[in-house]
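*Asks:* Coordinates in my_file08.csv, CSV, C-alpha atoms and all ligand atoms, are listed below.
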chain,number,residue,atom,x,y,z
A,230,MET,CA,81.7,79.6,114.1
A,231,ASN,CA,82.9,78.3,110.8
A,232,PRO,CA,86.4,79.4,109.8
A,233,PHE,CA,86.6,82.2,107.3
A,234,ASN,CA,85.9,81.1,103.7
A,235,ILE,CA,85.9,83.7,100.9
A,236,ASN,CA,83.4,81.6,98.9
A,237,ASN,CA,80.8,82.1,101.7
A,238,ILE,CA,80.9,85.9,101.4
A,239,ILE,CA,81.5,86.7,97.7
A,240,ARG,CA,78.4,87.9,95.8
A,241,PRO,CA,77.3,85.2,93.3
A,242,ASN,CA,77.3,87.7,90.4
A,243,VAL,CA,80.8,88.8,91.2
A,244,LYS,CA,82.0,85.2,91.5
A,245,ALA,CA,80.6,84.5,88.0
A,246,MET,CA,81.8,87.6,86.2
A,247,LYS,CA,84.9,88.0,84.1
A,248,ALA,CA,86.9,91.2,84.6
A,249,TYR,CA,86.8,93.7,81.7
A,250,SER,CA,90.0,93.2,79.8
A,251,SER,CA,91.4,96.6,78.7
A,252,ALA,CA,93.8,97.1,75.8
A,253,ARG,CA,96.5,97.7,78.4
A,254,ASP,CA,95.7,94.5,80.2
A,255,GLU,CA,96.0,92.5,77.0
A,256,PHE,CA,99.3,94.1,76.1
A,257,GLN,CA,101.3,95.4,79.0
A,258,ASP,CA,104.8,96.0,77.8
A,259,ILE,CA,104.4,99.7,77.4
A,260,ASN,CA,108.1,100.5,77.7
A,261,ASP,CA,109.2,98.7,74.6
A,262,ASN,CA,109.4,100.3,71.2
A,263,TYR,CA,106.1,99.1,69.9
A,264,ILE,CA,103.7,101.0,67.8
A,265,PHE,CA,100.5,101.2,69.9
A,266,LEU,CA,97.4,101.2,67.7
A,267,ASP,CA,95.3,99.1,70.1
A,268,ALA,CA,93.5,101.5,72.6
A,269,ASN,CA,92.2,104.3,70.3
A,270,GLU,CA,94.5,106.7,72.1
A,271,ASN,CA,95.7,109.9,70.5
A,272,PRO,CA,99.2,109.2,69.0
A,273,PHE,CA,100.6,112.7,69.5
A,274,PRO,CA,102.7,112.9,72.5
A,275,SER,CA,101.6,114.7,75.7
A,276,PRO,CA,102.4,113.6,79.2
A,277,TYR,CA,99.0,111.9,79.4
A,278,ASN,CA,98.1,110.7,75.9
A,279,ARG,CA,98.4,107.0,77.0
A,280,TYR,CA,96.0,105.2,79.4
A,281,PRO,CA,97.6,104.6,82.8
A,282,ASP,CA,98.8,101.2,84.0
A,283,PRO,CA,95.5,99.5,85.2
A,284,GLN,CA,97.5,97.4,87.7
A,285,GLN,CA,99.7,100.4,88.9
A,286,ARG,CA,102.7,98.1,89.0
A,287,ALA,CA,105.4,100.8,89.6
A,288,LEU,CA,103.5,102.5,92.4
A,289,LYS,CA,102.6,99.1,94.0
A,290,GLN,CA,106.3,98.2,94.0
A,291,VAL,CA,107.1,101.3,96.0
A,292,LEU,CA,104.2,100.6,98.4
A,293,SER,CA,105.3,97.0,98.8
A,294,ASP,CA,108.8,98.0,99.7
A,295,LYS,CA,107.6,100.6,102.2
A,296,HIS,CA,105.1,98.4,104.0
A,297,GLY,CA,106.7,95.0,103.6
A,298,VAL,CA,103.7,93.4,102.0
A,299,GLY,CA,103.4,91.7,98.6
A,300,LYS,CA,102.1,93.6,95.5
A,301,GLU,CA,99.4,91.0,95.4
A,302,GLN,CA,98.2,92.2,98.8
A,303,LEU,CA,97.3,95.7,97.5
A,304,VAL,CA,94.4,97.4,95.8
A,305,LEU,CA,94.5,101.1,95.1
A,306,GLY,CA,91.5,103.4,94.8
A,307,ASN,CA,90.6,106.9,93.9
A,308,GLY,CA,90.7,107.8,97.6
A,309,SER,CA,89.7,105.4,100.4
A,310,ASP,CA,86.1,106.0,99.4
A,311,GLU,CA,86.5,104.0,96.3
A,312,VAL,CA,88.1,101.0,97.9
A,313,LEU,CA,85.4,101.0,100.6
A,314,ASP,CA,82.8,101.0,97.9
A,315,LEU,CA,84.5,98.1,96.2
A,316,LEU,CA,84.1,96.0,99.4
A,317,PHE,CA,80.3,96.6,99.4
A,318,ARG,CA,80.0,95.8,95.7
A,319,ALA,CA,82.1,92.6,96.0
A,320,PHE,CA,80.6,91.1,99.2
A,321,CYS,CA,77.2,92.6,100.0
A,322,ASN,CA,74.0,91.5,98.2
A,323,PRO,CA,71.7,94.6,98.0
A,324,GLY,CA,68.5,94.3,100.0
A,325,ILE,CA,69.8,91.1,101.7
A,326,ASP,CA,73.1,91.5,103.5
A,327,ASN,CA,74.1,93.8,106.3
A,328,VAL,CA,77.3,95.3,107.7
A,329,ILE,CA,78.2,96.6,111.2
A,330,GLY,CA,79.9,99.9,112.0
A,331,ILE,CA,80.8,101.6,115.2
A,332,SER,CA,79.4,105.0,116.3
A,333,PRO,CA,80.5,107.7,116.5
A,334,SER,CA,82.8,107.1,113.5
A,335,TYR,CA,83.5,108.1,109.9
A,336,GLY,CA,80.3,108.9,108.1
A,337,MET,CA,81.2,107.3,104.7
A,338,TYR,CA,80.6,103.7,105.8
A,339,GLN,CA,77.0,104.4,106.3
A,340,VAL,CA,76.6,106.5,103.2
A,341,LEU,CA,78.1,103.7,101.1
A,342,ALA,CA,75.9,101.1,102.8
A,343,ASN,CA,72.8,103.2,102.0
A,344,LEU,CA,74.0,103.7,98.4
A,345,ASN,CA,74.5,100.0,97.9
A,346,ASP,CA,71.1,99.2,99.6
A,347,VAL,CA,72.9,97.3,102.4
A,348,GLU,CA,71.6,97.4,106.0
A,349,TYR,CA,74.0,99.3,108.4
A,350,ARG,CA,73.9,98.1,112.0
A,351,LYS,CA,75.4,100.5,114.5
A,352,SER,CA,77.2,99.5,117.6
A,353,LEU,CA,77.8,102.4,120.1
A,354,LEU,CA,81.3,102.8,121.5
A,355,LYS,CA,81.6,102.9,125.3
A,356,PRO,CA,80.8,106.5,126.4
A,357,GLU,CA,83.8,108.7,127.3
A,358,VAL,CA,86.5,106.1,126.8
A,359,PHE,CA,85.3,105.4,123.2
A,360,SER,CA,86.4,101.7,123.2
A,361,LEU,CA,84.7,98.9,121.4
A,362,ASP,CA,81.8,97.0,122.9
A,363,VAL,CA,82.8,93.6,121.4
A,364,ASN,CA,79.9,91.7,122.9
A,365,ASP,CA,77.4,94.2,121.4
A,366,ILE,CA,79.1,94.0,118.0
A,367,LEU,CA,79.0,90.1,118.1
A,368,SER,CA,75.4,90.1,119.2
A,369,LYS,CA,74.5,92.1,116.0
A,370,VAL,CA,76.2,89.5,113.7
A,371,ASP,CA,74.0,87.1,111.8
A,372,GLU,CA,74.3,84.9,108.7
A,373,GLN,CA,73.9,88.0,106.4
A,374,THR,CA,76.6,90.1,108.1
A,375,LYS,CA,79.5,90.5,105.6
A,376,LEU,CA,81.7,93.3,106.9
A,377,ILE,CA,82.6,95.0,110.2
A,378,PHE,CA,84.0,98.5,109.9
A,379,LEU,CA,86.5,99.7,112.5
A,380,CYS,CA,88.5,102.9,112.4
A,381,SER,CA,91.7,103.2,114.4
A,382,PRO,CA,92.6,105.8,115.4
A,383,ASN,CA,88.9,106.6,115.2
A,384,ASN,CA,87.4,109.7,113.7
A,385,PRO,CA,86.1,111.8,115.5
A,386,THR,CA,87.2,110.4,118.8
A,387,GLY,CA,90.9,110.5,117.9
A,388,GLN,CA,92.3,107.4,119.7
A,389,PHE,CA,93.4,103.9,118.7
A,390,LEU,CA,91.0,101.1,119.4
A,391,ASP,CA,92.2,98.4,121.7
A,392,GLU,CA,94.2,95.7,119.8
A,393,LYS,CA,92.9,92.9,121.9
A,394,ASP,CA,89.3,93.8,121.0
A,395,ILE,CA,90.1,93.9,117.3
A,396,GLU,CA,91.9,90.6,117.6
A,397,LEU,CA,88.8,89.1,119.2
A,398,LEU,CA,86.6,90.3,116.4
A,399,LEU,CA,89.0,88.9,113.8
A,400,LYS,CA,88.9,85.5,115.5
A,401,SER,CA,85.2,85.4,116.2
A,402,PHE,CA,83.7,86.8,113.0
A,403,ASN,CA,83.8,84.9,109.7
A,404,GLY,CA,83.2,87.9,107.4
A,405,LEU,CA,85.8,90.6,106.8
A,406,VAL,CA,87.0,93.0,109.5
A,407,VAL,CA,87.9,96.3,107.9
A,408,VAL,CA,90.4,98.5,109.9
A,409,ASP,CA,90.5,102.0,108.5
A,410,GLU,CA,93.9,103.5,109.4
A,411,ALA,CA,93.5,107.0,107.8
A,412,TYR,CA,95.3,108.5,110.8
A,413,ILE,CA,97.9,105.7,111.6
A,414,ASP,CA,100.9,107.9,110.9
A,415,PHE,CA,100.1,110.3,113.7
A,416,GLY,CA,100.2,107.7,116.4
A,417,ASN,CA,103.0,105.3,117.4
A,418,ARG,CA,101.6,101.9,116.7
A,419,ASP,CA,102.3,99.4,114.0
A,420,SER,CA,99.8,99.1,111.2
A,421,TRP,CA,97.5,96.0,111.2
A,422,ASN,CA,98.9,95.4,107.7
A,423,LYS,CA,101.9,93.7,109.5
A,424,ARG,CA,99.4,91.0,110.6
A,425,LEU,CA,97.8,90.1,107.3
A,426,ASN,CA,99.3,86.6,107.3
A,427,LEU,CA,97.7,85.9,110.7
A,428,TYR,CA,94.2,86.8,109.7
A,429,PRO,CA,92.7,85.8,106.3
A,430,ASN,CA,89.7,88.0,107.0
A,431,LEU,CA,91.6,91.2,107.8
A,432,VAL,CA,91.3,94.3,105.5
A,433,VAL,CA,93.4,97.4,106.3
A,434,ILE,CA,92.8,100.8,104.6
A,435,GLN,CA,95.1,103.7,104.5
A,436,THR,CA,95.1,107.0,102.5
A,437,LEU,CA,97.5,109.7,101.3
A,438,SER,CA,94.9,112.3,102.3
A,439,LYS,CA,96.1,113.0,105.8
A,440,ALA,CA,99.7,112.5,106.9
A,441,TYR,CA,101.0,112.8,103.3
A,442,GLY,CA,99.1,116.1,102.8
A,443,LEU,CA,97.7,114.8,99.4
A,444,ALA,CA,93.9,115.0,99.9
A,445,GLY,CA,93.6,116.5,96.5
A,446,LEU,CA,95.4,113.7,94.8
A,447,ARG,CA,92.9,111.0,95.8
A,448,LEU,CA,94.8,107.8,96.6
A,449,GLY,CA,93.5,105.2,98.9
A,450,ILE,CA,95.3,101.9,99.7
A,451,LEU,CA,93.6,98.6,100.7
A,452,PHE,CA,95.7,95.8,102.1
A,453,ALA,CA,94.3,92.3,102.4
A,454,ASN,CA,95.2,88.7,101.5
A,455,GLU,CA,95.5,87.7,97.9
A,456,GLU,CA,92.1,86.0,97.7
A,457,VAL,CA,90.3,89.2,98.7
A,458,ILE,CA,92.5,91.3,96.5
A,459,SER,CA,91.9,89.3,93.4
A,460,ILE,CA,88.2,89.7,93.8
A,461,LEU,CA,88.4,93.5,94.2
A,462,ASN,CA,90.8,93.8,91.3
A,463,LYS,CA,88.3,92.0,89.1
A,464,ILE,CA,85.6,94.6,89.8
A,465,LYS,CA,87.5,97.8,90.1
A,466,PRO,CA,87.3,100.3,87.1
A,467,PRO,CA,90.3,99.5,84.9
A,468,TYR,CA,91.9,102.9,84.9
A,469,ASN,CA,90.9,104.1,88.3
A,470,ILE,CA,94.3,105.6,89.3
A,471,ASN,CA,95.3,108.3,86.8
A,472,GLN,CA,98.9,108.6,85.5
A,473,PHE,CA,99.7,111.8,87.3
A,474,THR,CA,98.6,110.3,90.7
A,475,GLN,CA,100.6,107.1,90.0
A,476,ASP,CA,103.8,109.1,89.2
A,477,PHE,CA,103.5,111.8,91.9
A,478,ALA,CA,102.5,109.4,94.7
A,479,GLN,CA,105.7,107.3,94.0
A,480,LYS,CA,107.9,110.4,94.5
A,481,CYS,CA,106.1,111.4,97.7
A,482,ILE,CA,106.3,108.0,99.2
A,483,ILE,CA,110.0,107.6,98.4
A,484,ASP,CA,110.8,111.1,99.9
A,485,LYS,CA,110.6,109.9,103.5
A,486,THR,CA,112.2,113.0,105.1
A,487,TYR,CA,109.5,115.3,103.8
A,488,ASN,CA,106.7,113.1,105.1
A,489,GLU,CA,108.4,112.5,108.4
A,490,SER,CA,109.1,116.2,109.0
A,491,LEU,CA,105.4,117.0,108.3
A,492,ILE,CA,104.3,114.4,110.8
A,493,ASN,CA,106.7,115.6,113.5
A,494,LEU,CA,105.7,119.2,113.0
A,495,LEU,CA,102.0,118.3,113.3
A,496,SER,CA,102.6,116.1,116.3
A,497,LYS,CA,104.4,118.9,118.2
A,498,GLU,CA,101.6,121.3,117.3
A,499,ARG,CA,99.1,118.8,118.6
A,500,VAL,CA,100.8,118.8,122.0
A,501,PHE,CA,100.9,122.6,122.1
A,502,LEU,CA,97.2,122.9,121.0
A,503,PHE,CA,96.2,120.3,123.6
A,504,GLU,CA,97.8,122.3,126.5
A,505,LEU,CA,96.3,125.6,125.3
A,506,LEU,CA,92.8,124.2,124.9
A,507,LEU,CA,92.8,123.2,128.5
A,508,GLU,CA,93.2,126.9,129.4
A,509,VAL,CA,90.0,128.0,127.7
A,510,ASP,CA,87.3,128.4,130.3
A,511,PHE,CA,84.3,127.0,128.4
A,512,VAL,CA,86.3,123.9,127.3
A,513,LYS,CA,85.1,121.2,129.7
A,514,LYS,CA,87.3,118.4,128.4
A,515,VAL,CA,90.1,117.8,125.9
A,516,TYR,CA,90.4,114.2,124.7
A,517,PRO,CA,93.8,112.6,124.1
A,518,SER,CA,94.6,112.2,120.4
A,519,ASP,CA,96.6,109.7,118.2
A,520,SER,CA,95.6,111.7,115.1
A,521,ASN,CA,95.9,115.1,113.5
A,522,PHE,CA,92.7,116.5,115.2
A,523,ILE,CA,91.5,117.0,118.8
A,524,LEU,CA,88.1,116.4,120.2
A,525,ILE,CA,86.9,118.7,122.9
A,526,LYS,CA,83.7,119.0,125.0
A,527,VAL,CA,82.4,122.5,125.5
A,528,ASP,CA,79.5,124.2,127.4
A,529,ASN,CA,77.5,124.8,124.2
A,530,ALA,CA,78.8,123.4,120.9
A,531,ASN,CA,76.4,125.1,118.6
A,532,LYS,CA,77.1,128.5,120.1
A,533,ARG,CA,80.9,128.2,120.1
A,534,TYR,CA,80.9,126.8,116.6
A,535,GLN,CA,78.9,129.8,115.3
A,536,GLN,CA,81.1,132.3,117.2
A,537,LEU,CA,84.2,130.9,115.7
A,538,ILE,CA,82.7,131.1,112.2
A,539,GLU,CA,82.0,134.8,112.8
A,540,LYS,CA,85.7,135.2,113.5
A,541,GLY,CA,86.6,133.4,110.3
A,542,ILE,CA,87.6,130.0,111.8
A,543,VAL,CA,85.9,126.8,110.7
A,544,ILE,CA,86.0,123.7,112.9
A,545,ARG,CA,83.7,120.7,112.9
A,546,ASN,CA,80.6,120.6,115.1
A,547,ARG,CA,80.0,117.0,116.1
A,548,THR,CA,77.2,117.6,118.6
A,549,ASN,CA,74.6,115.6,116.7
A,550,ASP,CA,76.7,112.4,116.6
A,551,ASP,CA,76.0,109.6,119.0
A,552,LEU,CA,77.7,110.2,122.4
A,553,CYS,CA,79.0,113.6,121.2
A,554,GLU,CA,76.7,116.1,122.7
A,555,ASN,CA,78.6,119.5,122.8
A,556,PHE,CA,81.6,118.0,121.1
A,557,LEU,CA,83.7,119.9,118.6
A,558,ARG,CA,86.5,118.5,116.5
A,559,ILE,CA,89.5,120.6,115.7
A,560,THR,CA,92.0,119.8,113.0
A,561,VAL,CA,95.6,120.6,114.0
A,562,GLY,CA,96.8,123.5,111.7
A,563,THR,CA,100.0,125.4,111.3
A,564,GLU,CA,101.5,127.1,114.3
A,565,GLU,CA,100.1,130.4,113.2
A,566,GLU,CA,96.6,129.0,112.6
A,567,ASN,CA,96.6,127.3,116.0
A,568,GLN,CA,97.8,130.5,117.8
A,569,LYS,CA,95.0,132.4,116.1
A,570,LEU,CA,92.5,129.8,117.1
A,571,ILE,CA,93.5,129.9,120.8
A,572,GLN,CA,93.6,133.7,120.9
A,573,THR,CA,90.1,133.7,119.4
A,574,LEU,CA,88.8,131.1,121.8
A,575,LYS,CA,90.1,133.1,124.7
A,576,THR,CA,88.3,136.3,123.6
A,577,ILE,CA,84.8,135.0,122.8
B,1,LIG,C1,89.8,111.4,106.0
B,1,LIG,C2,89.4,110.0,106.2
B,1,LIG,C3,89.6,109.1,105.1
B,1,LIG,C4,90.2,109.5,103.8
B,1,LIG,O1,89.4,109.3,102.7
B,1,LIG,P1,90.0,109.6,101.3
B,1,LIG,O2,88.8,109.2,100.4
B,1,LIG,O3,91.2,108.6,101.2
B,1,LIG,O4,90.4,111.0,101.2
B,1,LIG,C5,89.3,107.7,105.3
B,1,LIG,N1,88.8,107.3,106.5
B,1,LIG,C6,88.7,108.1,107.5
B,1,LIG,C7,88.2,107.6,108.8
B,1,LIG,C8,88.9,109.5,107.4
B,1,LIG,O5,88.8,110.3,108.4
Now, as a test, write the supplied structure out as structure tokens.
*Replies:*
Amino acid sequence: MNPFNINNIIRPNVKAMKAYSSARDEFQDINDNYIFLDANENPFPSPYNRYPDPQQRALKQVLSDKHGVGKEQLVLGNGSDEVLDLLFRAFCNPGIDNVIGISPSYGMYQVLANLNDVEYRKSLLKPEVFSLDVNDILSKVDEQTKLIFLCSPNNPTGQFLDEKDIELLLKSFNGLVVVDEAYIDFGNRDSWNKRLNLYPNLVVIQTLSKAYGLAGLRLGILFANEEVISILNKIKPPYNINQFTQDFAQKCIIDKTYNESLINLLSKERVFLFELLLEVDFVKKVYPSDSNFILIKVDNANKRYQQLIEKGIVIRNRTNDDLCENFLRITVGTEEENQKLIQTLKTI
């Protein structure tokens, strides 16, 4: 195969376009004592009367320090969903190109493919062990394949994908390999963002929605090499990260102890929940987890799901996903919530 070349995968219209230049792009020095009459903002002070920094420089500095990557290796989005959508818009020609995703996995990749009129090719994981079938993935690649979506730890199966398999894909495929690490903080492996310099076609995605407990804030982080990032920056909406999010996220990322104690607590609860789930008689199997949820196989998923709802507990029924017949996915809650869940499971 040819080596990776960004010019072979960028959409022609994106390559040709110029980014919208906002008032705040043209004049960035917002801290100085200038009179700003350039952006049609309301001059009367409030915490949010000014447009936010379109390049999120202060927040990116904090992220760059935390992850040991350059600021030019980051794009931020209104949740991971937005940065995932940017990848489709930058690299996939509607009605022509295709992407490959694994199954079962996170549903948004396929939704975004459909929305962007891009063919979504599904490669099944190996049953029960839920590892990649690298040969199957590579057999689905053709000239029009632009992106491969991996999710590690994978949702809903809960475990890390094999690093050797991911490495093989990075080396054999000359489009972008996207590794979604929404659950990375719950396991004990390094992020792929440590290896950006080894692979020009690697894209890593993280979020503040899970380990940071900030799903309502909407902040997704995309890591990649500068060439990829500059294209995504060109097409992103200029003010996509609002000022409150930029300020608040910085505080939360800097406050390591809060974040670490949350993760430790949930990891302990996960161990406890895992053990107790094994004691429930209609639970046939409990899968090991590197994330903040546990996948279980039961006798009858539809029935057990419904019974739990009647007792006021909502979990996720995955029985209609590929390879997931009679599977339920349970998010790790507080100690009290988990106790209540187990008590309820033992009485129904
Ligand atoms: C929850 C989750 C996300 C988070 O999406 P946001 O838009 O950042 O909230 C991303 N990927 C996967 C696999 C998830 O499970």
*Asks:* Place a sphere of radius 12 Å on (88.1, 131.2, 122.4) in the file coordinates and name every protein, DNA or RNA residue with an atom inside or on its surface, counting all atoms listed in the file; give the answer as a PDB file with C-alpha atoms, in the frame of the given file.
*Replies:*
ATOM      1  CA  LEU A 505      96.300 125.600 125.300  1.00  0.00           C
ATOM      2  CA  LEU A 506      92.800 124.200 124.900  1.00  0.00           C
ATOM      3  CA  LEU A 507      92.800 123.200 128.500  1.00  0.00           C
ATOM      4  CA  GLU A 508      93.200 126.900 129.400  1.00  0.00           C
ATOM      5  CA  VAL A 509      90.000 128.000 127.700  1.00  0.00           C
ATOM      6  CA  ASP A 510      87.300 128.400 130.300  1.00  0.00           C
ATOM      7  CA  PHE A 511      84.300 127.000 128.400  1.00  0.00           C
ATOM      8  CA  VAL A 512      86.300 123.900 127.300  1.00  0.00           C
ATOM      9  CA  VAL A 527      82.400 122.500 125.500  1.00  0.00           C
ATOM     10  CA  LYS A 532      77.100 128.500 120.100  1.00  0.00           C
ATOM     11  CA  ARG A 533      80.900 128.200 120.100  1.00  0.00           C
ATOM     12  CA  TYR A 534      80.900 126.800 116.600  1.00  0.00           C
ATOM     13  CA  GLN A 535      78.900 129.800 115.300  1.00  0.00           C
ATOM     14  CA  GLN A 536      81.100 132.300 117.200  1.00  0.00           C
ATOM     15  CA  LEU A 537      84.200 130.900 115.700  1.00  0.00           C
ATOM     16  CA  ILE A 538      82.700 131.100 112.200  1.00  0.00           C
ATOM     17  CA  GLU A 539      82.000 134.800 112.800  1.00  0.00           C
ATOM     18  CA  LYS A 540      85.700 135.200 113.500  1.00  0.00           C
ATOM     19  CA  ILE A 542      87.600 130.000 111.800  1.00  0.00           C
ATOM     20  CA  ASN A 567      96.600 127.300 116.000  1.00  0.00           C
ATOM     21  CA  GLN A 568      97.800 130.500 117.800  1.00  0.00           C
ATOM     22  CA  LYS A 569      95.000 132.400 116.100  1.00  0.00           C
ATOM     23  CA  LEU A 570      92.500 129.800 117.100  1.00  0.00           C
ATOM     24  CA  ILE A 571      93.500 129.900 120.800  1.00  0.00           C
ATOM     25  CA  GLN A 572      93.600 133.700 120.900  1.00  0.00           C
ATOM     26  CA  THR A 573      90.100 133.700 119.400  1.00  0.00           C
ATOM     27  CA  LEU A 574      88.800 131.100 121.800  1.00  0.00           C
ATOM     28  CA  LYS A 575      90.100 133.100 124.700  1.00  0.00           C
ATOM     29  CA  THR A 576      88.300 136.300 123.600  1.00  0.00           C
ATOM     30  CA  ILE A 577      84.800 135.000 122.800  1.00  0.00           C
TER      31      ILE A 577
END
*Asks:* Using only C-alpha atoms and all ligand atoms, find each residue of chain A with at least one atom at most 6 Å away from an atom of ligand LIG 1 (chain B); report its shortest atom-to-atom pair and that distance in Å (one decimal), sort the rows by chain and rising residue number, and return the result as a tab-separated table.
*Replies:*
residue	atom	partner	partner_atom	distance
A:Gly308	CA	B:LIG1	O2	3.7
A:Ser309	CA	B:LIG1	O3	3.6
A:Asp310	CA	B:LIG1	O2	4.3
A:Tyr335	CA	B:LIG1	C7	4.9
A:Cys380	CA	B:LIG1	C7	5.9
A:Asn384	CA	B:LIG1	C7	5.4
A:Asp409	CA	B:LIG1	N1	5.9
A:Ala411	CA	B:LIG1	N1	4.9
A:Thr436	CA	B:LIG1	O3	4.4
A:Ser438	CA	B:LIG1	O4	4.8
A:Ala444	CA	B:LIG1	O4	5.5
A:Arg447	CA	B:LIG1	O4	6.0
A:Leu448	CA	B:LIG1	O3	5.9
A:Gly449	CA	B:LIG1	O3	4.7
*Asks:* Rank nothing, just name the residue among A:Ser368, A:Val312, A:Arg240, A:Gln472 nearest to Pro276 in chain A, using all atoms listed in the file.
*Replies:*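 So, comparing all the options, the nearest one is A:Gln472.
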*Asks:* For the atom pair CA of Ile413 in chain A and CA of Val291 in chain A, what is the interatomic distance in Å to one decimal place?
*Replies:*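 Taking CA of Ile413 in chain A as the start and CA of Val291 in chain A as the end point, the length is 18.6 Å.
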*Asks:* Determine the nearest neighbour of Gln290 in chain A from the options A:Leu341, A:Ile482, A:Leu491, A:Leu557, counting all atoms listed in the file.
*Replies:*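 The closest residue to Gln290 in chain A is A:Ile482.
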*Asks:* What separation in Å, quoted to one decimal, exists between CA of Ile329 in chain A and CA of Asp314 in chain A?
*Replies:*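 Calculated distance between CA of Ile329 in chain A and CA of Asp314 in chain A is 14.7 Å.
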*Asks:* Tell me which of A:Asn234, A:Asp551, A:Leu502, A:Gly299 sits closest to Asn454 in chain A, counting all atoms listed in the file.
*Replies:* A:Gly299
*Asks:* Just checking: using all atoms listed in the file, which residue out of A:Cys553, A:Ala342, A:Leu288, A:Leu313 ends up closest to Val408 in chain A?
*Replies:*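 Selected residue with least distance to Val408 in chain A: A:Leu313.
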*Asks:* Which polymer residues, protein or nucleic acid, are no farther than 10 Å from (91.2, 84.8, 97.2), counting only C-alpha atoms, as a compact mmCIF listing (two decimals) with C-alpha atoms, keeping the file's coordinate frame?
*Replies:*
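To be explicit, this is the file written out as part00.txt:
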# COMPACT_ATOMS: atom_id res chain seq x y z
CA ASN A 234 85.90 81.10 103.70
CA ILE A 235 85.90 83.70 100.90
CA ASN A 236 83.40 81.60 98.90
CA ILE A 239 81.50 86.70 97.70
CA PRO A 429 92.70 85.80 106.30
CA ALA A 453 94.30 92.30 102.40
CA ASN A 454 95.20 88.70 101.50
CA GLU A 455 95.50 87.70 97.90
CA GLU A 456 92.10 86.00 97.70
CA VAL A 457 90.30 89.20 98.70
CA ILE A 458 92.50 91.30 96.50
CA SER A 459 91.90 89.30 93.40
CA ILE A 460 88.20 89.70 93.80
CA LEU A 461 88.40 93.50 94.20
*Asks:* Given the choices A:Arg286, A:Arg318, A:Lys526, A:Lys369, which gets closest to Ser352 in chain A if the distance is worked out from all atoms listed in the file?
*Replies:*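 Using all atoms listed in the file, Ser352 in chain A sits closest to A:Lys369.
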*Asks:* Name the residues in contact with Ser334 in chain A at a cut-off of 9 Å, using all atoms listed in the file, excluding same-chain residues fewer than 5 positions from it; report them as a PyMOL selection string.
*Replies:* chain A and resi 379-380+383-386+550
*Asks:* What separation in Å, quoted to one decimal, exists between CA of Leu315 in chain A and CA of Val363 in chain A?
*Replies:*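 Between CA of Leu315 in chain A and CA of Val363 in chain A the gap is 25.7 Å.
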*Asks:* Got a sec: who's within 10 Å of Tyr468 in chain A, counting only C-alpha atoms, leaving out chain neighbours fewer than 2 positions off, as a PyMOL selection string?
*Replies:* chain A and resi 251+253+280-285+306-307+465-466+470-472
